[in-house]
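Structure below is start.txt: compact mmCIF, N, CA and C atoms.
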```
# COMPACT_ATOMS: atom_id res chain seq x y z
N MET A 1 -12.21 -30.62 -58.46
CA MET A 1 -12.64 -31.22 -57.21
C MET A 1 -12.86 -32.72 -57.46
N ARG A 2 -12.38 -33.52 -56.54
CA ARG A 2 -12.50 -34.97 -56.71
C ARG A 2 -13.95 -35.42 -56.60
N GLU A 3 -14.31 -36.32 -57.48
CA GLU A 3 -15.68 -36.84 -57.52
C GLU A 3 -16.09 -37.47 -56.19
N GLU A 4 -15.16 -38.14 -55.54
CA GLU A 4 -15.46 -38.80 -54.25
C GLU A 4 -15.85 -37.77 -53.19
N TYR A 5 -15.19 -36.62 -53.21
CA TYR A 5 -15.51 -35.58 -52.24
C TYR A 5 -16.89 -34.99 -52.54
N VAL A 6 -17.16 -34.75 -53.80
CA VAL A 6 -18.46 -34.22 -54.20
C VAL A 6 -19.56 -35.18 -53.73
N GLU A 7 -19.40 -36.47 -54.01
CA GLU A 7 -20.40 -37.46 -53.62
C GLU A 7 -20.59 -37.50 -52.11
N ALA A 8 -19.50 -37.40 -51.36
CA ALA A 8 -19.58 -37.45 -49.90
C ALA A 8 -20.33 -36.23 -49.36
N VAL A 9 -20.01 -35.04 -49.87
CA VAL A 9 -20.71 -33.83 -49.41
C VAL A 9 -22.20 -33.95 -49.71
N LEU A 10 -22.54 -34.35 -50.91
CA LEU A 10 -23.95 -34.46 -51.28
C LEU A 10 -24.66 -35.51 -50.44
N ALA A 11 -23.97 -36.59 -50.09
CA ALA A 11 -24.58 -37.62 -49.24
C ALA A 11 -24.88 -37.08 -47.85
N VAL A 12 -23.96 -36.31 -47.28
CA VAL A 12 -24.19 -35.72 -45.96
C VAL A 12 -25.36 -34.75 -46.01
N VAL A 13 -25.38 -33.89 -47.01
CA VAL A 13 -26.46 -32.90 -47.13
C VAL A 13 -27.80 -33.62 -47.27
N GLY A 14 -27.81 -34.73 -47.97
CA GLY A 14 -29.04 -35.50 -48.14
C GLY A 14 -29.59 -36.08 -46.85
N LEU A 15 -28.75 -36.18 -45.83
CA LEU A 15 -29.18 -36.73 -44.53
C LEU A 15 -29.82 -35.68 -43.62
N ILE A 16 -29.58 -34.41 -43.88
CA ILE A 16 -30.08 -33.35 -43.00
C ILE A 16 -31.60 -33.28 -43.13
N PRO A 17 -32.31 -33.46 -42.02
CA PRO A 17 -33.78 -33.47 -42.10
C PRO A 17 -34.37 -32.07 -42.31
N ALA A 18 -35.57 -32.05 -42.84
CA ALA A 18 -36.30 -30.79 -43.04
C ALA A 18 -36.39 -30.04 -41.72
N GLY A 19 -36.21 -28.72 -41.79
CA GLY A 19 -36.30 -27.88 -40.60
C GLY A 19 -34.99 -27.77 -39.84
N SER A 20 -33.97 -28.51 -40.28
CA SER A 20 -32.66 -28.48 -39.64
C SER A 20 -31.63 -27.97 -40.63
N VAL A 21 -30.51 -27.48 -40.11
CA VAL A 21 -29.44 -26.97 -40.96
C VAL A 21 -28.09 -27.33 -40.36
N LEU A 22 -27.06 -27.21 -41.19
CA LEU A 22 -25.67 -27.27 -40.76
C LEU A 22 -24.93 -26.13 -41.42
N ALA A 23 -23.84 -25.71 -40.81
CA ALA A 23 -22.95 -24.74 -41.45
C ALA A 23 -22.02 -25.51 -42.38
N TYR A 24 -21.45 -24.81 -43.36
CA TYR A 24 -20.53 -25.44 -44.30
C TYR A 24 -19.41 -26.16 -43.54
N GLY A 25 -18.89 -25.52 -42.51
CA GLY A 25 -17.81 -26.12 -41.73
C GLY A 25 -18.25 -27.36 -40.98
N ASP A 26 -19.52 -27.43 -40.58
CA ASP A 26 -20.04 -28.63 -39.90
C ASP A 26 -19.96 -29.83 -40.84
N VAL A 27 -20.32 -29.62 -42.10
CA VAL A 27 -20.29 -30.71 -43.07
C VAL A 27 -18.86 -31.20 -43.25
N ALA A 28 -17.92 -30.26 -43.40
CA ALA A 28 -16.51 -30.64 -43.55
C ALA A 28 -16.02 -31.40 -42.32
N GLU A 29 -16.42 -30.96 -41.15
CA GLU A 29 -16.00 -31.63 -39.92
C GLU A 29 -16.57 -33.04 -39.84
N LEU A 30 -17.82 -33.22 -40.22
CA LEU A 30 -18.42 -34.56 -40.20
C LEU A 30 -17.71 -35.50 -41.17
N LEU A 31 -17.24 -34.94 -42.27
CA LEU A 31 -16.51 -35.75 -43.26
C LEU A 31 -15.06 -35.98 -42.87
N GLY A 32 -14.54 -35.11 -42.00
CA GLY A 32 -13.13 -35.20 -41.64
C GLY A 32 -12.23 -34.80 -42.79
N SER A 33 -12.75 -33.98 -43.70
CA SER A 33 -11.99 -33.60 -44.89
C SER A 33 -12.51 -32.28 -45.45
N GLY A 34 -11.59 -31.51 -46.01
CA GLY A 34 -11.97 -30.25 -46.63
C GLY A 34 -12.29 -29.20 -45.59
N GLY A 35 -12.93 -28.16 -46.04
CA GLY A 35 -13.30 -27.06 -45.17
C GLY A 35 -14.54 -26.39 -45.69
N PRO A 36 -14.97 -25.31 -45.04
CA PRO A 36 -16.20 -24.64 -45.45
C PRO A 36 -16.20 -24.22 -46.92
N ARG A 37 -15.09 -23.73 -47.42
CA ARG A 37 -15.05 -23.27 -48.82
C ARG A 37 -15.22 -24.43 -49.79
N GLN A 38 -14.62 -25.58 -49.48
CA GLN A 38 -14.75 -26.73 -50.36
C GLN A 38 -16.21 -27.22 -50.38
N VAL A 39 -16.83 -27.26 -49.20
CA VAL A 39 -18.24 -27.68 -49.13
C VAL A 39 -19.11 -26.70 -49.91
N GLY A 40 -18.87 -25.40 -49.74
CA GLY A 40 -19.62 -24.39 -50.48
C GLY A 40 -19.44 -24.52 -51.98
N SER A 41 -18.23 -24.82 -52.39
CA SER A 41 -17.96 -25.00 -53.82
C SER A 41 -18.71 -26.20 -54.38
N VAL A 42 -18.72 -27.29 -53.64
CA VAL A 42 -19.47 -28.47 -54.09
C VAL A 42 -20.94 -28.12 -54.25
N LEU A 43 -21.51 -27.46 -53.25
CA LEU A 43 -22.94 -27.14 -53.32
C LEU A 43 -23.24 -26.13 -54.42
N SER A 44 -22.34 -25.20 -54.67
CA SER A 44 -22.63 -24.22 -55.72
C SER A 44 -22.57 -24.84 -57.11
N HIS A 45 -21.78 -25.88 -57.27
CA HIS A 45 -21.65 -26.52 -58.59
C HIS A 45 -22.53 -27.76 -58.76
N TYR A 46 -22.78 -28.49 -57.68
CA TYR A 46 -23.46 -29.79 -57.80
C TYR A 46 -24.66 -29.94 -56.87
N GLY A 47 -25.02 -28.91 -56.14
CA GLY A 47 -26.01 -29.05 -55.07
C GLY A 47 -27.47 -29.03 -55.46
N SER A 48 -27.78 -28.89 -56.73
CA SER A 48 -29.19 -28.76 -57.10
C SER A 48 -30.01 -30.03 -56.85
N SER A 49 -29.35 -31.17 -56.67
CA SER A 49 -30.07 -32.43 -56.47
C SER A 49 -30.32 -32.74 -54.99
N VAL A 50 -29.82 -31.87 -54.10
CA VAL A 50 -29.98 -32.09 -52.66
C VAL A 50 -30.57 -30.82 -52.04
N PRO A 51 -31.02 -30.89 -50.79
CA PRO A 51 -31.58 -29.70 -50.14
C PRO A 51 -30.47 -28.71 -49.72
N TRP A 52 -29.91 -28.02 -50.69
CA TRP A 52 -28.77 -27.13 -50.50
C TRP A 52 -29.02 -26.04 -49.47
N TRP A 53 -30.26 -25.61 -49.32
CA TRP A 53 -30.60 -24.54 -48.40
C TRP A 53 -30.39 -24.95 -46.95
N ARG A 54 -30.23 -26.22 -46.69
CA ARG A 54 -30.00 -26.70 -45.32
C ARG A 54 -28.54 -26.59 -44.90
N VAL A 55 -27.70 -26.05 -45.77
CA VAL A 55 -26.29 -25.81 -45.44
C VAL A 55 -26.02 -24.33 -45.72
N LEU A 56 -25.52 -23.64 -44.70
CA LEU A 56 -25.34 -22.20 -44.82
C LEU A 56 -24.12 -21.74 -44.03
N ARG A 57 -23.90 -20.45 -44.05
CA ARG A 57 -22.77 -19.87 -43.33
C ARG A 57 -22.98 -20.00 -41.83
N ALA A 58 -21.90 -19.98 -41.09
CA ALA A 58 -21.97 -20.11 -39.63
C ALA A 58 -22.74 -18.95 -39.00
N SER A 59 -22.89 -17.86 -39.72
CA SER A 59 -23.65 -16.72 -39.23
C SER A 59 -25.16 -16.95 -39.30
N GLY A 60 -25.57 -17.98 -40.03
CA GLY A 60 -26.99 -18.25 -40.22
C GLY A 60 -27.57 -17.58 -41.45
N LEU A 61 -26.73 -16.87 -42.20
CA LEU A 61 -27.20 -16.21 -43.43
C LEU A 61 -27.35 -17.23 -44.55
N ALA A 62 -28.39 -17.07 -45.33
CA ALA A 62 -28.65 -17.96 -46.47
C ALA A 62 -27.57 -17.78 -47.54
N PRO A 63 -27.41 -18.76 -48.42
CA PRO A 63 -26.43 -18.63 -49.50
C PRO A 63 -26.68 -17.38 -50.36
N ASP A 64 -25.61 -16.65 -50.65
CA ASP A 64 -25.71 -15.43 -51.46
C ASP A 64 -26.43 -15.68 -52.77
N GLY A 65 -27.35 -14.78 -53.07
CA GLY A 65 -28.08 -14.85 -54.33
C GLY A 65 -29.25 -15.82 -54.31
N HIS A 66 -29.41 -16.55 -53.22
CA HIS A 66 -30.48 -17.54 -53.13
C HIS A 66 -31.36 -17.30 -51.90
N GLU A 67 -31.31 -16.09 -51.36
CA GLU A 67 -32.02 -15.80 -50.13
C GLU A 67 -33.53 -16.03 -50.24
N SER A 68 -34.13 -15.56 -51.32
CA SER A 68 -35.59 -15.69 -51.47
C SER A 68 -36.01 -17.14 -51.58
N GLU A 69 -35.30 -17.90 -52.41
CA GLU A 69 -35.64 -19.32 -52.57
C GLU A 69 -35.39 -20.08 -51.28
N ALA A 70 -34.27 -19.78 -50.61
CA ALA A 70 -33.97 -20.45 -49.35
C ALA A 70 -35.03 -20.12 -48.30
N LEU A 71 -35.41 -18.84 -48.20
CA LEU A 71 -36.42 -18.44 -47.22
C LEU A 71 -37.72 -19.18 -47.45
N SER A 72 -38.11 -19.31 -48.69
CA SER A 72 -39.33 -20.06 -49.00
C SER A 72 -39.23 -21.50 -48.47
N CYS A 73 -38.08 -22.11 -48.68
CA CYS A 73 -37.88 -23.49 -48.19
C CYS A 73 -37.88 -23.53 -46.67
N TYR A 74 -37.22 -22.56 -46.02
CA TYR A 74 -37.18 -22.53 -44.55
C TYR A 74 -38.59 -22.38 -43.98
N LEU A 75 -39.37 -21.50 -44.58
CA LEU A 75 -40.74 -21.30 -44.10
C LEU A 75 -41.58 -22.56 -44.30
N GLN A 76 -41.43 -23.20 -45.43
CA GLN A 76 -42.18 -24.42 -45.71
C GLN A 76 -41.80 -25.54 -44.74
N GLU A 77 -40.52 -25.61 -44.36
CA GLU A 77 -40.04 -26.68 -43.50
C GLU A 77 -40.14 -26.35 -42.01
N GLY A 78 -40.47 -25.12 -41.67
CA GLY A 78 -40.56 -24.73 -40.27
C GLY A 78 -39.20 -24.53 -39.61
N THR A 79 -38.21 -24.14 -40.39
CA THR A 79 -36.87 -23.89 -39.86
C THR A 79 -36.91 -22.65 -38.97
N PRO A 80 -36.34 -22.71 -37.76
CA PRO A 80 -36.32 -21.53 -36.88
C PRO A 80 -35.55 -20.37 -37.51
N LEU A 81 -36.18 -19.20 -37.52
CA LEU A 81 -35.60 -18.00 -38.13
C LEU A 81 -35.57 -16.86 -37.13
N ARG A 82 -34.72 -15.87 -37.41
CA ARG A 82 -34.62 -14.67 -36.60
C ARG A 82 -34.68 -13.45 -37.52
N GLY A 83 -35.17 -12.36 -37.00
CA GLY A 83 -35.17 -11.12 -37.76
C GLY A 83 -36.46 -10.89 -38.53
N ASP A 84 -36.37 -10.01 -39.53
CA ASP A 84 -37.54 -9.56 -40.29
C ASP A 84 -37.82 -10.44 -41.51
N TYR A 85 -37.87 -11.74 -41.31
CA TYR A 85 -38.08 -12.64 -42.45
C TYR A 85 -39.46 -12.46 -43.07
N ARG A 86 -40.45 -12.11 -42.28
CA ARG A 86 -41.80 -11.88 -42.85
C ARG A 86 -41.78 -10.67 -43.77
N GLU A 87 -41.11 -9.62 -43.35
CA GLU A 87 -40.97 -8.42 -44.17
C GLU A 87 -40.21 -8.74 -45.45
N TYR A 88 -39.15 -9.53 -45.31
CA TYR A 88 -38.35 -9.90 -46.48
C TYR A 88 -39.20 -10.72 -47.45
N ALA A 89 -39.98 -11.66 -46.94
CA ALA A 89 -40.82 -12.49 -47.80
C ALA A 89 -41.88 -11.64 -48.51
N ARG A 90 -42.37 -10.62 -47.82
CA ARG A 90 -43.42 -9.78 -48.38
C ARG A 90 -42.88 -8.74 -49.36
N THR A 91 -41.76 -8.08 -49.01
CA THR A 91 -41.30 -6.93 -49.80
C THR A 91 -39.88 -7.05 -50.32
N GLY A 92 -39.12 -8.03 -49.81
CA GLY A 92 -37.71 -8.13 -50.18
C GLY A 92 -36.83 -7.26 -49.32
N GLY A 93 -37.41 -6.55 -48.37
CA GLY A 93 -36.65 -5.72 -47.44
C GLY A 93 -36.59 -6.38 -46.07
N GLY A 94 -35.68 -5.93 -45.26
CA GLY A 94 -35.55 -6.50 -43.92
C GLY A 94 -34.44 -7.54 -43.87
N ARG A 95 -33.81 -7.61 -42.72
CA ARG A 95 -32.71 -8.56 -42.54
C ARG A 95 -33.19 -9.73 -41.70
N TRP A 96 -32.72 -10.90 -42.05
CA TRP A 96 -33.10 -12.11 -41.33
C TRP A 96 -31.98 -13.13 -41.45
N ARG A 97 -32.09 -14.17 -40.66
CA ARG A 97 -31.14 -15.29 -40.72
C ARG A 97 -31.78 -16.51 -40.08
N VAL A 98 -31.20 -17.65 -40.33
CA VAL A 98 -31.63 -18.87 -39.66
C VAL A 98 -31.10 -18.82 -38.23
N ASP A 99 -31.93 -19.23 -37.28
CA ASP A 99 -31.50 -19.33 -35.89
C ASP A 99 -30.69 -20.62 -35.77
N LEU A 100 -29.40 -20.51 -36.02
CA LEU A 100 -28.54 -21.68 -36.09
C LEU A 100 -28.51 -22.47 -34.78
N ALA A 101 -28.58 -21.77 -33.65
CA ALA A 101 -28.56 -22.47 -32.36
C ALA A 101 -29.78 -23.38 -32.22
N ALA A 102 -30.92 -22.94 -32.72
CA ALA A 102 -32.15 -23.73 -32.60
C ALA A 102 -32.31 -24.73 -33.74
N ALA A 103 -31.74 -24.42 -34.92
CA ALA A 103 -31.99 -25.24 -36.11
C ALA A 103 -30.87 -26.24 -36.41
N ARG A 104 -29.71 -26.12 -35.76
CA ARG A 104 -28.58 -26.99 -36.10
C ARG A 104 -28.97 -28.45 -35.87
N TRP A 105 -28.69 -29.26 -36.89
CA TRP A 105 -29.01 -30.68 -36.87
C TRP A 105 -28.15 -31.40 -35.84
N GLU A 106 -28.81 -32.20 -35.01
CA GLU A 106 -28.12 -33.05 -34.05
C GLU A 106 -28.37 -34.49 -34.47
N PRO A 107 -27.41 -35.09 -35.18
CA PRO A 107 -27.61 -36.46 -35.69
C PRO A 107 -27.85 -37.48 -34.57
N SER A 108 -28.71 -38.43 -34.88
CA SER A 108 -28.96 -39.54 -33.97
C SER A 108 -27.82 -40.55 -34.10
N ASP A 109 -27.83 -41.58 -33.28
CA ASP A 109 -26.81 -42.63 -33.39
C ASP A 109 -26.84 -43.28 -34.77
N ALA A 110 -28.03 -43.52 -35.30
CA ALA A 110 -28.15 -44.11 -36.63
C ALA A 110 -27.61 -43.15 -37.69
N ASP A 111 -27.87 -41.86 -37.51
CA ASP A 111 -27.33 -40.87 -38.44
C ASP A 111 -25.81 -40.87 -38.39
N PHE A 112 -25.25 -40.94 -37.17
CA PHE A 112 -23.79 -40.97 -37.04
C PHE A 112 -23.20 -42.21 -37.69
N ASP A 113 -23.92 -43.33 -37.62
CA ASP A 113 -23.45 -44.54 -38.31
C ASP A 113 -23.37 -44.29 -39.81
N ALA A 114 -24.40 -43.67 -40.37
CA ALA A 114 -24.41 -43.36 -41.81
C ALA A 114 -23.31 -42.34 -42.14
N LEU A 115 -23.14 -41.34 -41.30
CA LEU A 115 -22.09 -40.34 -41.52
C LEU A 115 -20.71 -40.96 -41.46
N ASP A 116 -20.51 -41.89 -40.52
CA ASP A 116 -19.23 -42.59 -40.41
C ASP A 116 -18.94 -43.40 -41.67
N ARG A 117 -19.95 -44.05 -42.21
CA ARG A 117 -19.74 -44.83 -43.44
C ARG A 117 -19.35 -43.92 -44.60
N ILE A 118 -20.01 -42.78 -44.70
CA ILE A 118 -19.68 -41.82 -45.77
C ILE A 118 -18.24 -41.34 -45.61
N ALA A 119 -17.87 -40.96 -44.39
CA ALA A 119 -16.52 -40.45 -44.13
C ALA A 119 -15.46 -41.53 -44.37
N GLU A 120 -15.77 -42.76 -43.99
CA GLU A 120 -14.81 -43.86 -44.20
C GLU A 120 -14.60 -44.14 -45.68
N ARG A 121 -15.68 -44.11 -46.46
CA ARG A 121 -15.54 -44.31 -47.92
C ARG A 121 -14.70 -43.19 -48.53
N LEU A 122 -14.94 -41.97 -48.08
CA LEU A 122 -14.17 -40.84 -48.59
C LEU A 122 -12.70 -40.98 -48.22
N GLU A 123 -12.42 -41.30 -46.98
CA GLU A 123 -11.04 -41.43 -46.54
C GLU A 123 -10.32 -42.53 -47.31
N ALA A 124 -10.99 -43.64 -47.51
CA ALA A 124 -10.38 -44.75 -48.26
C ALA A 124 -10.09 -44.33 -49.70
N SER A 125 -10.98 -43.60 -50.31
CA SER A 125 -10.77 -43.18 -51.70
C SER A 125 -9.67 -42.13 -51.80
N LEU A 126 -9.54 -41.27 -50.79
CA LEU A 126 -8.52 -40.23 -50.82
C LEU A 126 -7.12 -40.80 -50.55
N ARG A 127 -7.07 -41.95 -49.86
CA ARG A 127 -5.78 -42.57 -49.57
C ARG A 127 -5.17 -43.25 -50.78
N LYS A 128 -6.00 -43.56 -51.77
CA LYS A 128 -5.49 -44.22 -52.97
C LYS A 128 -4.67 -43.22 -53.77
N LEU A 129 -3.40 -43.46 -53.85
CA LEU A 129 -2.51 -42.59 -54.61
C LEU A 129 -2.15 -43.28 -55.90
N SER A 130 -2.03 -42.52 -56.94
CA SER A 130 -1.60 -43.11 -58.19
C SER A 130 -0.10 -43.35 -58.12
N VAL A 131 0.33 -44.45 -58.68
CA VAL A 131 1.73 -44.80 -58.69
C VAL A 131 2.31 -44.43 -60.05
N PRO A 132 3.38 -43.67 -60.06
CA PRO A 132 3.96 -43.30 -61.36
C PRO A 132 4.44 -44.52 -62.11
N ASP A 133 4.22 -44.52 -63.39
CA ASP A 133 4.67 -45.63 -64.23
C ASP A 133 6.07 -45.31 -64.77
N ASP A 134 7.01 -45.30 -63.82
CA ASP A 134 8.38 -44.93 -64.20
C ASP A 134 9.33 -46.11 -64.24
N GLY A 135 8.80 -47.32 -64.04
CA GLY A 135 9.64 -48.52 -64.07
C GLY A 135 10.48 -48.70 -62.84
N MET A 136 10.41 -47.77 -61.91
CA MET A 136 11.23 -47.84 -60.71
C MET A 136 10.40 -48.13 -59.48
N SER A 137 9.08 -48.00 -59.58
CA SER A 137 8.21 -48.20 -58.42
C SER A 137 7.89 -49.67 -58.27
N VAL A 138 7.72 -50.08 -57.05
CA VAL A 138 7.40 -51.47 -56.77
C VAL A 138 5.92 -51.59 -56.53
```
Give the structure from the file, written as structure tokens.
Amino acid sequence: MREEYVEAVLAVVGLIPAGSVLAYGDVAELLGSGGPRQVGSVLSHYGSSVPWWRVLRASGLAPDGHESEALSCYLQEGTPLRGDYREYARTGGGRWRVDLAAARWEPSDADFDALDRIAERLEASLRKLSVPDDGMSV
């Protein structure tokens, strides 16, 4: 995975305020590059330095294997939830999810300015192609 893409994904995730979330595909759409799987891959390998729990599946389900830790963060941040999250927090049983309709981040104009700068830097870096050193290229 290109370092520029990793940095861009992490920068977007760092902008998501506490109590708000985005789906993996939302992050890719804001960047204008990649897709949900690429964003998920970045977060699974490099996401420990950002609030990774604020990016989840479009269904509102927390990242696999991190449900307990994510739920703790959601409860601390006041993220809107649905289902038996109290039961899950108490016993590990019960199904729950983030209420994506209520919790989805709606960036302000200033946020969009920052997002545009991130996307523009990424696009510029991705356009740089290496030129083969074959003596025939100009």
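Residue nearest Ser72 (chain A), chosen from A:Val50, A:Arg2, A:Ser59, A:Gly19 and counting only C-alpha atoms: A:Gly19.
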Using only C-alpha atoms for the distances, tell me which of A:Glu123, A:Asp111, A:Glu87, A:Asp99 is nearest to Tyr74 (chain A). A:Asp99
DSSP on the backbone: what in region 50-131 of chain A comes out helix (DSSP H, G or I), as a PyMOL selection string? chain A and resi 52-54+67-77+85-91+100-103+109-127
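The gap separating atom N of Ser41 (chain A) from atom N of Leu61 (chain A) is 15.5 Å, in Å to one decimal.
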Kindly provide, as a list in words, the polymer residues lying within 12 Å of (-9.3, -33.3, -44.1), counting only C-alpha atoms and using the coordinates exactly as they appear in the file. Tyr5, Gly25, Val27, Ala28, Glu29, Leu30, Leu31, Gly32, Ser33, Gly34, Gly35, Pro36, Gln38, Val39, Ala119, Glu120, Leu122, Glu123, Leu126 and Arg127 of chain A
What is the atom N of Glu3 (chain A) to CA of Ser49 (chain A) distance in Å? 16.3 Å
Between A:Ala23, A:Val42, A:Leu75, A:Leu15, which is the closest to Ala114 (chain A) once you count only C-alpha atoms? A:Leu15
Reconstructed region 2-14 of chain A, atom set N, CA, C and O atoms, as a short mmCIF file (atom, residue, chain, number, x, y, z; two decimals), in the frame of the given file:
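result_17.cif, freshly written:
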```
data_model
loop_
_atom_site.label_atom_id
_atom_site.label_comp_id
_atom_site.auth_asym_id
_atom_site.auth_seq_id
_atom_site.Cartn_x
_atom_site.Cartn_y
_atom_site.Cartn_z
N ARG A 2 -12.38 -33.52 -56.54
CA ARG A 2 -12.50 -34.97 -56.71
C ARG A 2 -13.95 -35.42 -56.60
O ARG A 2 -14.70 -34.96 -55.74
N GLU A 3 -14.31 -36.32 -57.48
CA GLU A 3 -15.68 -36.84 -57.52
C GLU A 3 -16.09 -37.47 -56.19
O GLU A 3 -17.23 -37.33 -55.75
N GLU A 4 -15.16 -38.14 -55.54
CA GLU A 4 -15.46 -38.80 -54.25
C GLU A 4 -15.85 -37.77 -53.19
O GLU A 4 -16.75 -38.03 -52.38
N TYR A 5 -15.19 -36.62 -53.21
CA TYR A 5 -15.51 -35.58 -52.24
C TYR A 5 -16.89 -34.99 -52.54
O TYR A 5 -17.69 -34.78 -51.62
N VAL A 6 -17.16 -34.75 -53.80
CA VAL A 6 -18.46 -34.22 -54.20
C VAL A 6 -19.56 -35.18 -53.73
O VAL A 6 -20.55 -34.77 -53.12
N GLU A 7 -19.40 -36.47 -54.01
CA GLU A 7 -20.40 -37.46 -53.62
C GLU A 7 -20.59 -37.50 -52.11
O GLU A 7 -21.72 -37.62 -51.62
N ALA A 8 -19.50 -37.40 -51.36
CA ALA A 8 -19.58 -37.45 -49.90
C ALA A 8 -20.33 -36.23 -49.36
O ALA A 8 -21.20 -36.37 -48.48
N VAL A 9 -20.01 -35.04 -49.87
CA VAL A 9 -20.71 -33.83 -49.41
C VAL A 9 -22.20 -33.95 -49.71
O VAL A 9 -23.04 -33.69 -48.84
N LEU A 10 -22.54 -34.35 -50.91
CA LEU A 10 -23.95 -34.46 -51.28
C LEU A 10 -24.66 -35.51 -50.44
O LEU A 10 -25.84 -35.33 -50.08
N ALA A 11 -23.97 -36.59 -50.09
CA ALA A 11 -24.58 -37.62 -49.24
C ALA A 11 -24.88 -37.08 -47.85
O ALA A 11 -25.94 -37.35 -47.29
N VAL A 12 -23.96 -36.31 -47.28
CA VAL A 12 -24.19 -35.72 -45.96
C VAL A 12 -25.36 -34.75 -46.01
O VAL A 12 -26.26 -34.81 -45.17
N VAL A 13 -25.38 -33.89 -47.01
CA VAL A 13 -26.46 -32.90 -47.13
C VAL A 13 -27.80 -33.62 -47.27
O VAL A 13 -28.81 -33.18 -46.70
N GLY A 14 -27.81 -34.73 -47.97
CA GLY A 14 -29.04 -35.50 -48.14
C GLY A 14 -29.59 -36.08 -46.85
O GLY A 14 -30.77 -36.42 -46.76
#
```
